[in-house]
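Participant: This is structure.csv, which holds CSV, C-alpha atoms and all ligand atoms:
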chain,number,residue,atom,x,y,z
M,47,MET,CA,15.0,35.6,-7.1
M,48,ASN,CA,14.8,36.3,-3.4
M,49,ILE,CA,16.5,33.4,-1.8
M,50,PHE,CA,17.2,33.4,2.0
M,51,ASN,CA,18.9,30.9,4.3
M,52,GLN,CA,18.4,32.9,7.5
M,53,HIS,CA,15.0,33.6,8.9
M,54,SER,CA,16.1,36.8,10.6
M,55,ILE,CA,17.1,38.3,7.3
M,56,LEU,CA,14.0,37.0,5.6
M,57,ASN,CA,11.8,38.5,8.2
M,58,ASP,CA,13.2,42.0,7.5
M,59,PHE,CA,12.4,41.5,3.9
M,60,ILE,CA,8.7,40.6,4.5
M,61,ASP,CA,6.2,43.4,4.6
M,62,GLN,CA,4.0,42.4,7.6
M,63,ASN,CA,1.3,44.9,6.5
M,64,GLN,CA,0.6,42.7,3.5
M,65,THR,CA,-0.8,39.2,3.4
M,66,VAL,CA,1.8,36.4,3.4
M,67,GLY,CA,1.1,32.9,2.1
M,68,LEU,CA,3.5,30.1,3.2
M,69,VAL,CA,4.1,26.8,1.3
M,70,PRO,CA,6.3,24.5,3.3
M,71,THR,CA,8.1,21.8,1.2
M,72,MET,CA,11.0,19.5,1.4
M,73,GLY,CA,12.1,20.4,-2.2
M,74,ALA,CA,12.4,18.2,-5.2
M,75,LEU,CA,9.5,20.2,-6.4
M,76,HIS,CA,6.9,18.8,-8.8
M,77,LYS,CA,3.5,20.0,-10.2
M,78,GLY,CA,1.8,19.0,-7.0
M,79,HIS,CA,3.9,21.5,-5.0
M,80,MET,CA,3.4,24.0,-7.8
M,81,SER,CA,-0.4,23.7,-7.5
M,82,LEU,CA,-0.1,24.8,-3.8
M,83,ILE,CA,2.3,27.7,-4.8
M,84,GLU,CA,-0.1,28.9,-7.5
M,85,ARG,CA,-3.0,28.9,-5.1
M,86,ALA,CA,-0.9,30.8,-2.5
M,87,LEU,CA,0.0,33.4,-5.2
M,88,ASN,CA,-3.7,33.9,-6.0
M,89,GLU,CA,-4.7,34.5,-2.4
M,90,ASN,CA,-1.8,36.5,-0.9
M,91,ASP,CA,0.3,39.6,-1.6
M,92,GLN,CA,3.6,37.8,-0.8
M,93,VAL,CA,4.4,34.1,-1.1
M,94,ILE,CA,7.2,32.2,0.8
M,95,VAL,CA,8.1,28.7,-0.3
M,96,THR,CA,10.3,26.9,2.2
M,97,VAL,CA,12.7,24.2,1.0
M,98,PHE,CA,14.0,22.2,3.9
M,99,VAL,CA,14.3,18.5,4.4
M,100,ASN,CA,13.3,18.3,8.0
M,101,PRO,CA,15.4,15.7,9.8
M,102,THR,CA,13.1,15.2,12.8
M,103,GLN,CA,10.3,13.8,10.7
M,104,PHE,CA,12.4,10.9,9.4
M,105,GLU,CA,12.3,7.9,11.6
M,106,ASP,CA,14.7,6.1,9.2
M,107,LEU,CA,18.1,7.7,8.8
M,108,ASN,CA,18.7,6.0,5.5
M,109,ASP,CA,15.5,7.5,4.1
M,110,LEU,CA,16.7,11.0,5.2
M,111,LYS,CA,20.1,10.5,3.5
M,112,LYS,CA,18.5,9.4,0.3
M,113,TYR,CA,15.8,12.0,0.1
M,114,PRO,CA,16.1,13.8,-3.3
M,115,LYS,CA,17.7,17.3,-3.2
M,116,ASN,CA,18.0,19.7,-6.0
M,117,LEU,CA,17.7,23.3,-4.9
M,118,TYR,CA,18.9,24.6,-8.3
M,119,ASP,CA,16.0,22.9,-10.2
M,120,ASP,CA,13.6,24.0,-7.4
M,121,VAL,CA,14.6,27.6,-7.8
M,122,LYS,CA,14.2,27.4,-11.6
M,123,MET,CA,10.8,25.9,-11.3
M,124,ILE,CA,9.6,28.6,-8.9
M,125,GLU,CA,11.1,31.4,-10.9
M,126,LYS,CA,9.1,30.3,-13.9
M,127,VAL,CA,5.9,30.8,-12.0
M,128,SER,CA,6.9,34.1,-10.5
M,129,PRO,CA,10.2,35.7,-9.7
M,130,LYS,CA,8.5,37.6,-6.9
M,131,ILE,CA,8.2,34.4,-4.8
M,132,ILE,CA,10.4,34.4,-1.8
M,133,ILE,CA,12.4,31.2,-1.1
M,134,TYR,CA,13.6,30.2,2.3
M,135,ALA,CA,16.1,27.3,2.1
M,136,PRO,CA,17.9,27.2,5.5
M,137,GLU,CA,20.4,24.8,7.0
M,138,SER,CA,19.3,22.9,10.1
M,139,ASN,CA,21.0,25.3,12.5
M,140,ASP,CA,18.8,28.2,11.4
M,141,LEU,CA,15.7,26.3,12.7
M,142,TYR,CA,17.1,23.9,15.3
M,143,GLU,CA,19.5,25.7,17.7
M,144,SER,CA,21.4,23.3,19.8
M,145,SER,CA,20.0,19.9,19.1
M,146,ILE,CA,18.0,18.4,16.3
M,147,ILE,CA,15.1,16.9,18.2
M,148,SER,CA,11.3,17.1,18.1
M,149,SER,CA,9.2,19.0,20.6
M,150,SER,CA,6.5,17.0,22.3
M,151,TYR,CA,2.9,17.3,21.3
M,152,GLU,CA,-0.4,15.5,22.2
M,153,PHE,CA,-2.6,14.8,19.2
M,154,GLY,CA,-4.6,11.9,20.6
M,155,ASP,CA,-5.8,9.2,18.3
M,156,ILE,CA,-5.2,11.0,15.0
M,157,GLU,CA,-1.5,10.6,15.5
M,158,ASN,CA,-1.1,6.9,16.2
M,159,ILE,CA,-2.9,5.3,13.3
M,160,MET,CA,-1.9,4.8,9.6
M,161,GLU,CA,1.3,6.9,8.9
M,162,GLY,CA,1.8,7.5,12.6
M,163,ASN,CA,1.6,3.8,13.4
M,164,ILE,CA,4.1,2.9,10.8
M,165,ARG,CA,6.4,5.9,11.1
M,166,VAL,CA,6.6,6.3,14.8
M,167,GLY,CA,7.5,9.9,15.8
M,168,HIS,CA,7.0,11.2,12.3
M,169,PHE,CA,4.2,13.6,13.2
M,170,GLN,CA,6.0,14.9,16.3
M,171,GLY,CA,8.7,16.0,13.8
M,172,VAL,CA,6.2,17.4,11.3
M,173,ALA,CA,4.5,19.4,14.1
M,174,THR,CA,7.9,20.7,15.4
M,175,ILE,CA,9.0,22.1,12.0
M,176,VAL,CA,5.6,23.5,11.1
M,177,GLU,CA,5.3,25.2,14.5
M,178,LYS,CA,8.8,26.7,14.0
M,179,LEU,CA,7.9,28.0,10.5
M,180,LEU,CA,4.6,29.5,11.5
M,181,THR,CA,5.8,31.2,14.6
M,182,LEU,CA,9.0,32.6,12.9
M,183,LEU,CA,7.4,33.7,9.7
M,184,LEU,CA,3.9,34.6,10.9
M,185,PRO,CA,2.1,33.9,7.6
M,186,THR,CA,-1.5,34.8,7.1
M,187,ASN,CA,-2.2,31.5,5.3
M,188,ALA,CA,-0.3,28.3,5.0
M,189,TYR,CA,-0.9,25.7,2.3
M,190,PHE,CA,-0.7,21.9,2.7
M,191,GLY,CA,-1.7,19.1,0.3
M,192,GLU,CA,-4.5,16.6,1.0
M,193,LYS,CA,-2.0,14.1,-0.4
M,194,ASP,CA,-0.8,14.0,3.2
M,195,PHE,CA,-4.3,14.1,4.7
M,196,GLN,CA,-3.3,12.9,8.2
M,197,GLN,CA,-0.6,15.5,8.3
M,198,LEU,CA,-3.1,18.2,7.4
M,199,LEU,CA,-5.3,17.2,10.4
M,200,ILE,CA,-2.3,17.2,12.7
M,201,ILE,CA,-1.4,20.7,11.6
M,202,LYS,CA,-4.9,21.9,12.0
M,203,SER,CA,-4.8,20.5,15.6
M,204,LEU,CA,-1.4,22.1,16.2
M,205,VAL,CA,-2.5,25.7,15.3
M,206,VAL,CA,-5.6,25.3,17.6
M,207,GLN,CA,-3.5,24.0,20.5
M,208,LYS,CA,-0.8,26.6,20.1
M,209,LYS,CA,-3.2,29.4,19.3
M,210,ILE,CA,-1.5,30.3,16.1
M,211,SER,CA,-3.6,32.6,13.9
M,212,THR,CA,-2.4,31.4,10.5
M,213,ALA,CA,-5.2,29.9,8.4
M,214,ILE,CA,-4.4,26.3,7.4
M,215,ILE,CA,-5.6,25.6,3.8
M,216,GLY,CA,-5.9,22.1,2.4
M,217,CYS,CA,-5.3,21.7,-1.3
M,218,PRO,CA,-6.5,18.9,-3.6
M,219,ILE,CA,-4.1,16.1,-4.7
M,220,TYR,CA,-2.5,16.7,-8.0
M,221,ARG,CA,-2.3,13.5,-10.1
M,222,ASP,CA,-0.6,12.4,-13.3
M,223,ASN,CA,-3.0,11.6,-16.2
M,224,ASN,CA,-2.8,8.0,-15.2
M,225,GLY,CA,-4.0,8.8,-11.7
M,226,LEU,CA,-0.7,8.5,-9.9
M,227,ALA,CA,-0.5,11.1,-7.1
M,228,LEU,CA,2.7,13.2,-7.7
M,229,SER,CA,5.3,12.8,-5.1
M,230,SER,CA,9.0,13.6,-4.8
M,231,ARG,CA,9.6,9.9,-4.1
M,232,ASN,CA,8.2,9.0,-7.6
M,233,SER,CA,11.6,10.0,-9.0
M,234,PHE,CA,12.9,6.8,-7.5
M,235,LEU,CA,10.5,4.6,-9.4
M,236,SER,CA,11.9,2.7,-12.4
M,237,GLU,CA,10.0,3.1,-15.8
M,238,SER,CA,8.4,-0.3,-15.3
M,239,GLU,CA,7.3,0.6,-11.7
M,240,LYS,CA,5.9,3.9,-13.0
M,241,ASN,CA,3.6,1.9,-15.2
M,242,LYS,CA,2.5,-0.3,-12.3
M,243,ALA,CA,2.0,2.6,-9.8
M,244,PRO,CA,-1.5,3.7,-11.0
M,245,PHE,CA,-2.8,0.4,-9.5
M,246,ILE,CA,-3.1,2.3,-6.2
M,247,PHE,CA,-5.4,5.0,-7.6
M,248,GLU,CA,-7.4,2.3,-9.4
M,249,GLN,CA,-8.0,0.5,-6.1
M,250,LEU,CA,-9.1,3.8,-4.5
M,251,LYS,CA,-11.6,4.3,-7.4
M,252,ILE,CA,-12.9,0.8,-6.9
M,253,ALA,CA,-13.5,1.5,-3.3
M,254,ARG,CA,-15.3,4.8,-4.2
M,255,SER,CA,-17.6,2.9,-6.7
M,256,LEU,CA,-18.5,0.4,-4.0
M,257,TRP,CA,-19.1,3.0,-1.3
M,258,GLY,CA,-22.9,3.3,-0.5
M,259,ILE,CA,-23.4,-0.3,-1.9
M,260,GLU,CA,-21.1,-2.3,0.4
M,261,SER,CA,-20.0,-1.9,4.0
M,262,ALA,CA,-16.5,-0.5,4.8
M,263,LYS,CA,-15.5,-4.0,6.1
M,264,THR,CA,-16.4,-5.7,2.8
M,265,ILE,CA,-14.7,-3.1,0.7
M,266,ILE,CA,-11.5,-3.2,2.8
M,267,LYS,CA,-11.5,-7.0,2.4
M,268,ARG,CA,-11.9,-6.8,-1.4
M,269,ILE,CA,-9.1,-4.2,-1.7
M,270,LYS,CA,-6.8,-6.2,0.5
M,271,ASN,CA,-7.4,-9.3,-1.6
M,272,SER,CA,-6.6,-7.3,-4.8
M,273,PHE,CA,-3.2,-6.4,-3.2
M,274,LEU,CA,-2.6,-10.0,-2.2
M,275,SER,CA,-3.0,-11.1,-5.8
M,276,ASN,CA,-0.7,-8.3,-7.1
M,277,HIS,CA,2.8,-9.3,-6.2
M,278,ASN,CA,4.3,-6.0,-7.2
M,279,PHE,CA,2.9,-4.3,-4.1
M,280,LYS,CA,3.2,-4.8,-0.4
M,281,LEU,CA,0.2,-3.2,1.3
M,282,ASP,CA,0.9,-1.3,4.6
M,283,TYR,CA,-2.7,-0.4,5.2
M,284,PHE,CA,-6.0,0.3,3.5
M,285,GLU,CA,-8.5,2.0,5.7
M,286,ILE,CA,-11.8,3.9,5.4
M,287,ARG,CA,-12.1,6.8,7.9
M,288,PHE,CA,-14.1,10.0,8.6
M,289,GLU,CA,-12.4,13.1,7.2
M,290,ASN,CA,-12.8,15.2,10.3
M,291,ASN,CA,-11.5,12.9,13.1
M,292,LEU,CA,-10.1,9.9,11.3
M,293,LEU,CA,-12.3,7.5,13.2
M,294,ASN,CA,-13.2,4.3,11.3
M,295,ALA,CA,-16.2,4.6,9.1
M,296,GLU,CA,-18.4,1.5,9.0
M,297,LYS,CA,-21.9,2.0,7.6
M,298,LYS,CA,-22.3,2.4,3.9
M,299,SER,CA,-24.6,5.5,4.3
M,300,GLU,CA,-21.9,7.5,6.0
M,301,LYS,CA,-20.8,10.9,4.6
M,302,LYS,CA,-17.4,12.7,4.5
M,303,VAL,CA,-15.3,9.6,4.5
M,304,ARG,CA,-12.0,8.9,2.8
M,305,ALA,CA,-10.1,5.8,1.8
M,306,PHE,CA,-6.4,5.9,2.8
M,307,ILE,CA,-3.7,3.7,1.4
M,308,ALA,CA,0.0,3.1,1.8
M,309,ALA,CA,1.9,0.4,-0.1
M,310,LYS,CA,5.4,-0.4,-1.2
M,311,LEU,CA,6.1,-0.8,-4.9
M,312,GLY,CA,9.6,-2.4,-4.9
M,313,LYS,CA,11.6,-0.3,-2.4
M,314,ILE,CA,9.4,2.8,-2.8
M,315,ARG,CA,6.6,3.6,-0.3
M,316,LEU,CA,3.6,5.4,-1.8
M,317,ILE,CA,0.7,6.9,-0.1
M,318,ASP,CA,-2.6,8.2,-1.4
M,319,ASN,CA,-6.2,8.8,-0.4
M,320,LEU,CA,-9.6,9.5,-2.0
M,321,ALA,CA,-12.9,11.0,-0.8
M,322,LEU,CA,-15.5,8.2,-1.2
M,323,ASP,CA,-18.6,10.3,-1.3
M,324,GLU,CA,-17.5,13.1,-3.7
M,325,PHE,CA,-17.6,12.6,-7.5
L,1,LIG,P1,6.7,17.5,0.7
L,1,LIG,O1,7.7,18.3,0.0
L,1,LIG,O2,6.5,16.1,0.2
L,1,LIG,O3,6.8,17.7,2.2
L,1,LIG,O4,5.3,18.2,0.4
L,1,LIG,C1,5.1,19.6,0.6
L,1,LIG,C2,3.6,19.9,0.5
L,1,LIG,O5,3.2,19.6,-0.8
L,1,LIG,C3,2.8,19.1,1.5
L,1,LIG,O6,1.8,19.9,2.0
L,1,LIG,C4,2.2,18.0,0.6
L,1,LIG,O7,1.0,17.5,1.1
L,1,LIG,C5,2.1,18.7,-0.7
L,1,LIG,N1,2.0,17.8,-1.8
L,1,LIG,C6,2.9,16.8,-2.1
L,1,LIG,N2,2.5,16.1,-3.2
L,1,LIG,C7,1.3,16.7,-3.6
L,1,LIG,C8,0.4,16.4,-4.6
L,1,LIG,N3,0.6,15.4,-5.5
L,1,LIG,N4,-0.7,17.2,-4.7
L,1,LIG,C9,-1.0,18.2,-3.8
L,1,LIG,N5,-0.1,18.5,-2.8
L,1,LIG,C10,1.0,17.8,-2.7
Let's see the structure in the file written out as structure tokens.
Facilitator:
Amino acid sequence: MNIFNQHSILNDFIDQNQTVGLVPTMGALHKGHMSLIERALNENDQVIVTVFVNPTQFEDLNDLKKYPKNLYDDVKMIEKVSPKIIIYAPESNDLYESSIISSSYEFGDIENIMEGNIRVGHFQGVATIVEKLLTLLLPTNAYFGEKDFQQLLIIKSLVVQKKISTAIIGCPIYRDNNGLALSSRNSFLSESEKNKAPFIFEQLKIARSLWGIESAKTIIKRIKNSFLSNHNFKLDYFEIRFENNLLNAEKKSEKKVRAFIAAKLGKIRLIDNLALDEF
């Protein structure tokens, strides 16, 4: 395997005359990540997977300390797909020189709602690391999951603002058979919590079945009530918004809308979303 922990050495290894697909991850890889990696392999001559738990996007130090890390397993998983994949797994000092702080960006309203409202500063940290990776590695295409839909819009805005030529490609959410969206954090769920977790996707599907029949306001009320009567979960938010600008959708006839959800199951915070007008 080609594993690098310094971007300068990695850059010498990359053939800039060929297309390069980048898949940024924080490791603890699962099939969701692998779906991005496989798409990148299909669409590029070379694929770089980055494994880096970016400290500036954690607003809670405890969360950062506990984040699952297992580079050995990650490498094995990637190797199985293709030994040609290039892995970049740096220490912080290869990306942050003197101090580990976020740069400052202006994303307007898409930043301060939902995840940005609860995790203050999170998207500044995400934008900081993604800008560093894109400008250091100059990929042709970079792949991000719709699982983090708000993040995907932030990154699309980032490349426009910074005039970065990399194409940002959104990839569908990979789910377990029971509907649970895969996440590195699912490894913290107990067996009994894993059985309860699909409730989130069930609620999203209920919202989808009601879209076009009831207003956003009525659907939101219904779903919030379902969470109130399920004591396993503590709902952070359930919102229905337009996919392109994340403004609130209201009328039932509206198109290109998504329901977004974040809820705590025990100590673990889960997020998910679903397009309401696609079947
Ligand atoms: P993370 O390691 O959690 O930062 O995720 C790295 C990338 O994988 C991000 O672009 C995520 O949106 C994406 N991702 C994580 N889970 C999934 C999933 N279940 N399906 C599709 N993409 C995912």
Participant: Neighbouring residues of Phe104 of chain M were defined as those with any atom within 9 Å, considering all atoms listed in the file; residues of the same chain fewer than 4 positions away were excluded. Please report them as a tab-separated table (two decimals) with C-alpha atoms, keeping the file's coordinate frame.
Facilitator:
chain	number	residue	atom	x	y	z
M	100	ASN	CA	13.30	18.30	8.00
M	108	ASN	CA	18.70	6.00	5.50
M	109	ASP	CA	15.50	7.50	4.10
M	110	LEU	CA	16.70	11.00	5.20
M	165	ARG	CA	6.40	5.90	11.10
M	167	GLY	CA	7.50	9.90	15.80
M	168	HIS	CA	7.00	11.20	12.30
M	171	GLY	CA	8.70	16.00	13.80
Participant: What does the distance between atom CA of Ser261 of chain M and atom CA of Phe288 of chain M come to in Å, to one decimal place?
Facilitator: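 Distance reported for this atom pair: 14.1 Å.
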Participant: Tell me, in Å to one decimal, how far atom CA of Leu75 of chain M is from atom CA of Gln62 of chain M.
Facilitator: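 Answer for the atom CA of Leu75 of chain M to atom CA of Gln62 of chain M separation: 26.8 Å.
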Participant: Rank M:Val166, M:Leu179, M:Met123, M:Leu316 by their smallest atom-to-atom distance to Gln52 of chain M, using all atoms listed in the file, and report the top residue only.
Facilitator: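 Closest to Gln52 of chain M of all the choices is M:Leu179.
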Participant: Tell me, in Å to one decimal, how far atom CA of Leu322 of chain M is from atom CA of Gly162 of chain M.
Facilitator: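 Interatomic distance here is 22.1 Å.
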Participant: Using all atoms listed in the file, which of M:Thr174, M:Asn232, M:Ser128, M:Thr264 sits nearest ligand LIG 1 (chain L)?
Facilitator: M:Asn232
Participant: Quick one: everything within 9 Å of Leu235 of chain M, counting all atoms listed in the file, minus sequence neighbours fewer than 3 positions away in the same chain. Send it as a list in words.
Facilitator: Arg231, Asn232, Ser238, Glu239, Lys240, Ala243, Leu311, Gly312, Lys313 and Ile314 of chain M
Participant: Between M:Ile266, M:Ile201, M:Met47, M:Val303, which residue has the minimum interatomic distance to ligand LIG 1 (chain L), considering only C-alpha atoms and all ligand atoms?
Facilitator: M:Ile201
Participant: Counting only C-alpha atoms and all ligand atoms, what are the residues, protein, DNA or RNA alike, that approach ligand LIG 1 (chain L) to within 9 Å? I want them as a PDB file with C-alpha atoms, keeping the file's coordinate frame.
Facilitator:
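What follows is the written file selection-v9.pdb:
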ATOM      1  CA  VAL M  69       4.100  26.800   1.300  1.00  0.00           C
ATOM      2  CA  PRO M  70       6.300  24.500   3.300  1.00  0.00           C
ATOM      3  CA  THR M  71       8.100  21.800   1.200  1.00  0.00           C
ATOM      4  CA  MET M  72      11.000  19.500   1.400  1.00  0.00           C
ATOM      5  CA  GLY M  73      12.100  20.400  -2.200  1.00  0.00           C
ATOM      6  CA  ALA M  74      12.400  18.200  -5.200  1.00  0.00           C
ATOM      7  CA  LEU M  75       9.500  20.200  -6.400  1.00  0.00           C
ATOM      8  CA  HIS M  76       6.900  18.800  -8.800  1.00  0.00           C
ATOM      9  CA  LYS M  77       3.500  20.000 -10.200  1.00  0.00           C
ATOM     10  CA  GLY M  78       1.800  19.000  -7.000  1.00  0.00           C
ATOM     11  CA  HIS M  79       3.900  21.500  -5.000  1.00  0.00           C
ATOM     12  CA  MET M  80       3.400  24.000  -7.800  1.00  0.00           C
ATOM     13  CA  SER M  81      -0.400  23.700  -7.500  1.00  0.00           C
ATOM     14  CA  LEU M  82      -0.100  24.800  -3.800  1.00  0.00           C
ATOM     15  CA  VAL M  97      12.700  24.200   1.000  1.00  0.00           C
ATOM     16  CA  PHE M  98      14.000  22.200   3.900  1.00  0.00           C
ATOM     17  CA  VAL M  99      14.300  18.500   4.400  1.00  0.00           C
ATOM     18  CA  ASN M 100      13.300  18.300   8.000  1.00  0.00           C
ATOM     19  CA  TYR M 189      -0.900  25.700   2.300  1.00  0.00           C
ATOM     20  CA  PHE M 190      -0.700  21.900   2.700  1.00  0.00           C
ATOM     21  CA  GLY M 191      -1.700  19.100   0.300  1.00  0.00           C
ATOM     22  CA  GLU M 192      -4.500  16.600   1.000  1.00  0.00           C
ATOM     23  CA  LYS M 193      -2.000  14.100  -0.400  1.00  0.00           C
ATOM     24  CA  ASP M 194      -0.800  14.000   3.200  1.00  0.00           C
ATOM     25  CA  PHE M 195      -4.300  14.100   4.700  1.00  0.00           C
ATOM     26  CA  GLN M 197      -0.600  15.500   8.300  1.00  0.00           C
ATOM     27  CA  LEU M 198      -3.100  18.200   7.400  1.00  0.00           C
ATOM     28  CA  GLY M 216      -5.900  22.100   2.400  1.00  0.00           C
ATOM     29  CA  CYS M 217      -5.300  21.700  -1.300  1.00  0.00           C
ATOM     30  CA  PRO M 218      -6.500  18.900  -3.600  1.00  0.00           C
ATOM     31  CA  ILE M 219      -4.100  16.100  -4.700  1.00  0.00           C
ATOM     32  CA  TYR M 220      -2.500  16.700  -8.000  1.00  0.00           C
ATOM     33  CA  ARG M 221      -2.300  13.500 -10.100  1.00  0.00           C
ATOM     34  CA  ASP M 222      -0.600  12.400 -13.300  1.00  0.00           C
ATOM     35  CA  LEU M 226      -0.700   8.500  -9.900  1.00  0.00           C
ATOM     36  CA  ALA M 227      -0.500  11.100  -7.100  1.00  0.00           C
ATOM     37  CA  LEU M 228       2.700  13.200  -7.700  1.00  0.00           C
ATOM     38  CA  SER M 229       5.300  12.800  -5.100  1.00  0.00           C
ATOM     39  CA  SER M 230       9.000  13.600  -4.800  1.00  0.00           C
ATOM     40  CA  ARG M 231       9.600   9.900  -4.100  1.00  0.00           C
ATOM     41  CA  ASP M 318      -2.600   8.200  -1.400  1.00  0.00           C
TER      42      ASP M 318
END
Participant: For segment 304-309 of chain M, list every protein, DNA or RNA residue within 9 Å, evaluated using only C-alpha atoms, and leave out those in the same chain fewer than 3 positions away; present the list as a PyMOL selection string.
Facilitator: chain M and resi 160-161+195+246+250+253-254+279-289+292+295+314-323
Participant: So which residues touch Ile210 of chain M within 12 Å, counting all atoms listed in the file, skipping near sequence neighbours fewer than 5 positions away, as a PyMOL selection string?
Facilitator: chain M and resi 176-188+201-205
Participant: Tell me which of M:Ser54, M:Ile175, M:Lys301, M:Phe153 sits closest to Gln103 of chain M, counting only C-alpha atoms.
Facilitator: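 Smallest distance to Gln103 of chain M is found for M:Ile175.
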Participant: Could you check the closest approach to Ile146 of chain M for each of M:Glu84, M:Glu248, M:Leu68, M:Thr102 and tell me which residue wins, using all atoms listed in the file?
Facilitator: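 Using all atoms listed in the file, Ile146 of chain M sits closest to M:Thr102.
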Participant: Could you please fill out segment 106-124 of chain M with N, CA and C atoms and send it back as an mmCIF file, in the frame of the given file?
Facilitator:
data_model
loop_
_atom_site.group_PDB
_atom_site.id
_atom_site.type_symbol
_atom_site.label_atom_id
_atom_site.label_comp_id
_atom_site.auth_asym_id
_atom_site.auth_seq_id
_atom_site.Cartn_x
_atom_site.Cartn_y
_atom_site.Cartn_z
ATOM 1 N N ASP M 106 13.707 7.000 9.785
ATOM 2 C CA ASP M 106 14.700 6.100 9.200
ATOM 3 C C ASP M 106 15.818 6.972 8.592
ATOM 4 N N LEU M 107 17.005 6.868 9.192
ATOM 5 C CA LEU M 107 18.100 7.700 8.800
ATOM 6 C C LEU M 107 18.505 7.550 7.323
ATOM 7 N N ASN M 108 18.377 6.317 6.848
ATOM 8 C CA ASN M 108 18.700 6.000 5.500
ATOM 9 C C ASN M 108 17.775 6.760 4.494
ATOM 10 N N ASP M 109 16.493 6.810 4.887
ATOM 11 C CA ASP M 109 15.500 7.500 4.100
ATOM 12 C C ASP M 109 15.832 8.998 4.021
ATOM 13 N N LEU M 110 16.266 9.550 5.145
ATOM 14 C CA LEU M 110 16.700 11.000 5.200
ATOM 15 C C LEU M 110 17.857 11.219 4.262
ATOM 16 N N LYS M 111 18.855 10.331 4.347
ATOM 17 C CA LYS M 111 20.100 10.500 3.500
ATOM 18 C C LYS M 111 19.757 10.458 2.036
ATOM 19 N N LYS M 112 18.809 9.581 1.686
ATOM 20 C CA LYS M 112 18.500 9.400 0.300
ATOM 21 C C LYS M 112 17.506 10.356 -0.294
ATOM 22 N N TYR M 113 16.888 11.164 0.573
ATOM 23 C CA TYR M 113 15.800 12.000 0.100
ATOM 24 C C TYR M 113 16.300 12.928 -1.038
ATOM 25 N N PRO M 114 15.553 13.024 -2.169
ATOM 26 C CA PRO M 114 16.100 13.800 -3.300
ATOM 27 C C PRO M 114 16.244 15.272 -3.016
ATOM 28 N N LYS M 115 17.404 15.827 -3.415
ATOM 29 C CA LYS M 115 17.700 17.300 -3.200
ATOM 30 C C LYS M 115 18.149 17.902 -4.462
ATOM 31 N N ASN M 116 17.536 18.996 -4.864
ATOM 32 C CA ASN M 116 18.000 19.700 -6.000
ATOM 33 C C ASN M 116 17.524 21.171 -5.987
ATOM 34 N N LEU M 117 18.180 21.983 -5.149
ATOM 35 C CA LEU M 117 17.700 23.300 -4.900
ATOM 36 C C LEU M 117 17.755 24.160 -6.239
ATOM 37 N N TYR M 118 18.772 23.891 -7.063
ATOM 38 C CA TYR M 118 18.900 24.600 -8.300
ATOM 39 C C TYR M 118 17.657 24.465 -9.184
ATOM 40 N N ASP M 119 17.231 23.204 -9.368
ATOM 41 C CA ASP M 119 16.000 22.900 -10.200
ATOM 42 C C ASP M 119 14.780 23.514 -9.505
ATOM 43 N N ASP M 120 14.733 23.430 -8.170
ATOM 44 C CA ASP M 120 13.600 24.000 -7.400
ATOM 45 C C ASP M 120 13.443 25.474 -7.701
ATOM 46 N N VAL M 121 14.569 26.163 -7.611
ATOM 47 C CA VAL M 121 14.600 27.600 -7.800
ATOM 48 C C VAL M 121 14.090 27.944 -9.245
ATOM 49 N N LYS M 122 14.613 27.203 -10.218
ATOM 50 C CA LYS M 122 14.200 27.400 -11.600
ATOM 51 C C LYS M 122 12.723 27.276 -11.804
ATOM 52 N N MET M 123 12.195 26.230 -11.188
ATOM 53 C CA MET M 123 10.800 25.900 -11.300
ATOM 54 C C MET M 123 9.916 27.055 -10.705
ATOM 55 N N ILE M 124 10.351 27.533 -9.546
ATOM 56 C CA ILE M 124 9.600 28.600 -8.900
ATOM 57 C C ILE M 124 9.697 29.900 -9.656
#
